[in-house]
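J.: Please find one structure pasted underneath; my questions will follow.
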Amino acid sequence: MSIDAEQDSGARSGADPFSAEARETTEGRVYTVTGGDWEDFLGDAEQEERVVINLGPQHPSTHGVLRLVLELEGERVTKARSVIGYLHTGIEKNTEYRTWTQGVTFVTRMDYLAPLHNEAAYSMGVEKLLRISAPKRAETIRVLLMELNRISSHLVFLATGAMELGSTTGMTLGFRDREEVLHLLEFLTGLRMNHAFIRPGGVAQDLPENYREKVLEFCKVMENRLTDYDKLFSGQPIWKQRLSGVGYLPLDACLALGTSGPILRSAGLGWDLRKVQPYCGYEEYDFDVPTSNDADCFSRFLLRVEEIRQSLRIVRQCLDKMESGPVMVDDPKIAWPAQLTIGPDGMGNSLDHVRKIMGQSMESLIHHFKLVTEGFDVPPGQAYVPVEAPRGELGYHVVSDGGTRPMRVHVRDPSFVNLQAFPAMAEGGLIADVIAVVASIDPVMGGVDR
């Protein structure tokens, strides 16, 4: 018997439960790969009056390509599993083939509802390896952008959660107000999403003219519109009855499963990295960390609405704390010689201005070209930097071998970790409550399947 035949026979005999069953077809050998204990999962249901269903991965209520395998007894969920991997982009691996600065354009696409938090955590990790700090003005700009990003992310949570539970009005209001944030971010950074604006050493460019007036105008509009959510949801008995007591996860379970963000704070622990491990000067800002002891879907909704209010407080303080000065570290080995800025029209510098900057000396032009194409060396070592993203602790572990590209970038994404809590929240409840549970976790599959 040939080696291939022996392998084929062994695969069919099932001697190794983790081997793939093989069969020959006209197209060649085909392997059937199972999911380990999935057959046991299905086999248990066959012995009882239970049914196993798939919810997703293409479903309007699973927050993207998330597949939920549910074992039901009537309408009661007896077992629940989350299946991920349908959106895998290999972003972590891709960063190894780009310079340290170019890596920002990848990480900003992970949790695509919190791109600026990804940029900030990654950049601070690189800065830790370089043993440098961003200028004060750059740090204030980072805080301003991250808090605006937190508001937009929570508004998407409100909009999608409302839509999934049947409130079209809530969906319309949430996305309407998110557009206000995206318009402002576009004015400040030049892009609505995937900004690549926060970079190692500071930020790409200074804020445009009249930024203060634009930000204050947004704050005024948003503060007025927050009352709409209280009228539509917070004090609405149907909404409260629909979420209260659903998706219960007490503090000990939160700690055992490693959850963070609003899920952990809804169980009574006021753990917020902006307070307990401040970065970017957060210790200088006056804001509250809302908590609750109810540990259910309704409390997570209330906390996120309150976090929007607290973010608006921080945004206003950023305007008062904004100091004049550079927005990129004063190091010619890291900062680009051409300091570009966005004009009042949002289009950036004119071509004449770019020619003037780049035409001052051939040495400057060559240096700029090498920095952009080859990047800068980062000393060997490794660093881990976490930030408080809208969904919890977002941490970047970056490793350098001394070259111009990362040796390794690994991300502790809060959506990925928080999704572990889904079975504990959903099992024992109704299948209708599964939708509310997933909405309260608020997973972003770009971060889960990074």
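Every chain in the structure tokens takes a letter, A first, then B, and so on in the order presented; its residues are numbered from 1, and the ligands are numbered from 1 following the presented order.
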Counting only C-alpha atoms, what is within 7 Å of Ala159 (chain A), bar same-chain residues fewer than 2 positions away, as an MDAnalysis selection string?
T.: chainID A and resid 155:157 161:163 170:172 174:175
J.: Selection from above, N, CA and C atoms, as a compact mmCIF listing (two decimals), in the first residue's frame, can you write it?
T.:
# COMPACT_ATOMS: atom_id res chain seq x y z
N LEU A 155 -22.64 56.11 19.09
CA LEU A 155 -23.84 56.43 18.30
C LEU A 155 -24.17 55.29 17.34
N VAL A 156 -23.17 54.62 16.80
CA VAL A 156 -23.42 53.45 15.96
C VAL A 156 -24.00 52.31 16.80
N PHE A 157 -23.50 52.15 18.04
CA PHE A 157 -24.10 51.16 18.95
C PHE A 157 -25.58 51.45 19.15
N GLY A 161 -28.21 48.90 17.53
CA GLY A 161 -28.97 48.20 18.56
C GLY A 161 -30.46 48.49 18.46
N ALA A 162 -30.79 49.75 18.21
CA ALA A 162 -32.19 50.12 18.06
C ALA A 162 -32.80 49.45 16.84
N MET A 163 -32.08 49.45 15.73
CA MET A 163 -32.59 48.83 14.51
C MET A 163 -32.85 47.34 14.72
N GLY A 170 -34.88 55.13 16.25
CA GLY A 170 -33.60 55.16 16.95
C GLY A 170 -32.44 54.98 15.99
N MET A 171 -32.62 54.11 14.99
CA MET A 171 -31.57 53.91 13.99
C MET A 171 -31.34 55.19 13.19
N THR A 172 -32.44 55.85 12.81
CA THR A 172 -32.32 57.09 12.03
C THR A 172 -31.61 58.18 12.82
N GLY A 174 -29.56 57.83 15.43
CA GLY A 174 -28.18 57.47 15.71
C GLY A 174 -27.25 57.74 14.54
N PHE A 175 -27.66 57.32 13.35
CA PHE A 175 -26.81 57.53 12.18
C PHE A 175 -26.82 59.00 11.75
J.: List every residue of region 88-242 of chain A that DSSP, applied to the backbone of this structure, assigns to alpha helix (DSSP H), and report them as a PyMOL selection string.
T.: chain A and resi 91-94+104-107+115-130+136-164+168-189+211-229+237-242
J.: Write out as a compact mmCIF listing (two decimals) with C-alpha atoms, in the first residue's frame the residues lying within 7 Å of Val329 (chain A), counting only C-alpha atoms and excluding same-chain residues fewer than 3 positions away.
T.:
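The result, stored in result38.txt:
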# COMPACT_ATOMS: atom_id res chain seq x y z
CA ALA A 134 4.72 63.39 21.25
CA PRO A 135 4.58 67.18 21.74
CA GLY A 201 5.92 61.04 16.93
CA GLY A 202 2.71 63.08 16.91
CA ALA A 335 9.61 63.72 11.27
J.: Sorted by chain and rising residue number, which residues of region 110-155 of chain A lie within 12 Å of region 212-216 of chain A, and what are their closest atom pairs and distances in Å to one decimal, counting only C-alpha atoms, as a tab-separated table?
T.:
residue	atom	partner	partner_atom	distance
A:Ile141	CA	A:Arg212	CA	11.6
A:Leu144	CA	A:Val215	CA	9.5
A:Leu145	CA	A:Val215	CA	10.6
A:Glu147	CA	A:Val215	CA	11.8
A:Leu148	CA	A:Val215	CA	9.5
J.: For the residues selected in the previous step, produce a file with N, CA and C atoms as a PDB file, in the first residue's frame.
T.:
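Output contents, as saved in out_13.pdb:
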ATOM      1  N   ILE A 141      -4.438  67.056  20.746  1.00  0.00           N
ATOM      2  CA  ILE A 141      -5.179  66.742  19.519  1.00  0.00           C
ATOM      3  C   ILE A 141      -5.610  65.279  19.524  1.00  0.00           C
ATOM      4  N   LEU A 144      -8.612  64.898  21.780  1.00  0.00           N
ATOM      5  CA  LEU A 144      -9.766  65.486  21.113  1.00  0.00           C
ATOM      6  C   LEU A 144     -10.339  64.518  20.082  1.00  0.00           C
ATOM      7  N   LEU A 145      -9.470  63.955  19.247  1.00  0.00           N
ATOM      8  CA  LEU A 145      -9.934  63.060  18.185  1.00  0.00           C
ATOM      9  C   LEU A 145     -10.470  61.750  18.747  1.00  0.00           C
ATOM     10  N   GLU A 147     -11.877  61.207  21.662  1.00  0.00           N
ATOM     11  CA  GLU A 147     -13.180  61.386  22.313  1.00  0.00           C
ATOM     12  C   GLU A 147     -14.284  61.612  21.285  1.00  0.00           C
ATOM     13  N   LEU A 148     -13.974  62.330  20.215  1.00  0.00           N
ATOM     14  CA  LEU A 148     -14.957  62.451  19.129  1.00  0.00           C
ATOM     15  C   LEU A 148     -15.239  61.081  18.529  1.00  0.00           C
TER      16      LEU A 148
END
J.: Region 390-395 of chain A: which residues within 6 Å, counting only C-alpha atoms, same-chain residues fewer than 3 positions away excluded, as number ranges by chain?
T.: A: 150, 260-261, 385-387, 411-414
J.: Counting only C-alpha atoms, figure out which residue out of A:Val289, A:Ile84, A:Val126, A:Val305 gets nearest to His63 (chain A).
T.: A:Ile84
J.: So that I can see what lies close to Ala436 (chain A), please list as a list in words the residues with an atom at most 8 Å from it, counting only C-alpha atoms and leaving out residues fewer than 2 positions away in the same chain.
T.: Gly161, Glu164, Leu165, Leu243, Val246, Gly247, Cys297, Ala432, Asp433, Val434, Val438, Ala439 and Ser440 of chain A
J.: Run DSSP on the backbone of this structure and report the residues of region 105-217 of chain A it assigns to strand (DSSP E), as a list in words.
T.: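 Taking region 105-217 of chain A and keeping strand (DSSP E) only, one gets Ile198, Arg199, Gly202 and Val203 of chain A.
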J.: Kindly give the distance, in Å, that separates CA of Lys231 (chain A) and CA of Trp271 (chain A), rounded to a single decimal.
T.: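 Separation between CA of Lys231 (chain A) and CA of Trp271 (chain A): 28.7 Å.
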J.: Return the single residue from A:Asn149, A:Thr105, A:Thr99, A:Ser324 that is closest to Arg137 (chain A), with distances computed using only C-alpha atoms.
T.: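 So, comparing all the options, the nearest one is A:Ser324.
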J.: I'd like the contact shell of Cys254 (chain A) - 10 Å cut-off, only C-alpha atoms, skipping same-chain residues fewer than 4 positions apart - returned as a ChimeraX atom specification.
T.: /A:249-250,258-260,263-267,269,295,418,420-421,424
J.: Those selected residues, please, written with C-alpha atoms and delivered as a compact mmCIF listing (two decimals), in the first residue's frame.
T.:
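Result file is out13.txt:
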# COMPACT_ATOMS: atom_id res chain seq x y z
CA LEU A 249 -23.23 39.00 33.58
CA PRO A 250 -22.09 39.70 37.17
CA GLY A 258 -11.53 39.17 30.77
CA THR A 259 -14.22 41.62 29.66
CA SER A 260 -13.58 45.35 29.76
CA ILE A 263 -19.61 45.50 29.96
CA LEU A 264 -17.27 45.51 32.96
CA ARG A 265 -18.44 48.91 34.20
CA SER A 266 -22.09 47.79 33.97
CA ALA A 267 -21.23 45.16 36.61
CA LEU A 269 -16.28 48.08 38.53
CA ALA A 295 -25.03 44.11 34.82
CA ASN A 418 -15.66 40.46 25.07
CA GLN A 420 -16.14 35.22 24.99
CA ALA A 421 -18.90 36.42 27.29
CA ALA A 424 -22.62 33.17 29.48
J.: Residues at most 12 Å from region 184-188 of chain A, counting only C-alpha atoms, excluding those fewer than 5 positions away in the same chain, as number ranges by chain?
T.: A: 115-116, 141-142, 144-152, 177-179, 193-195, 197-198, 203-219, 222, 341-348
J.: Tell me which of A:Ser133, A:Ser311, A:Asn94, A:Asn54 sits closest to Ile431 (chain A), counting only C-alpha atoms.
T.: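 Answer, going by the shortest atom-to-atom distance: A:Asn54.
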J.: So the first atom is CA of Met425 (chain A) and the second is CA of Val437 (chain A); what is the distance between them in Å, to one decimal place?
T.: 6.7 Å
J.: Using Å and a single decimal, report how far CA of Arg313 (chain A) sits from CA of Asp286 (chain A).
T.: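 Answer for the CA of Asp286 (chain A) to CA of Arg313 (chain A) separation: 7.9 Å.
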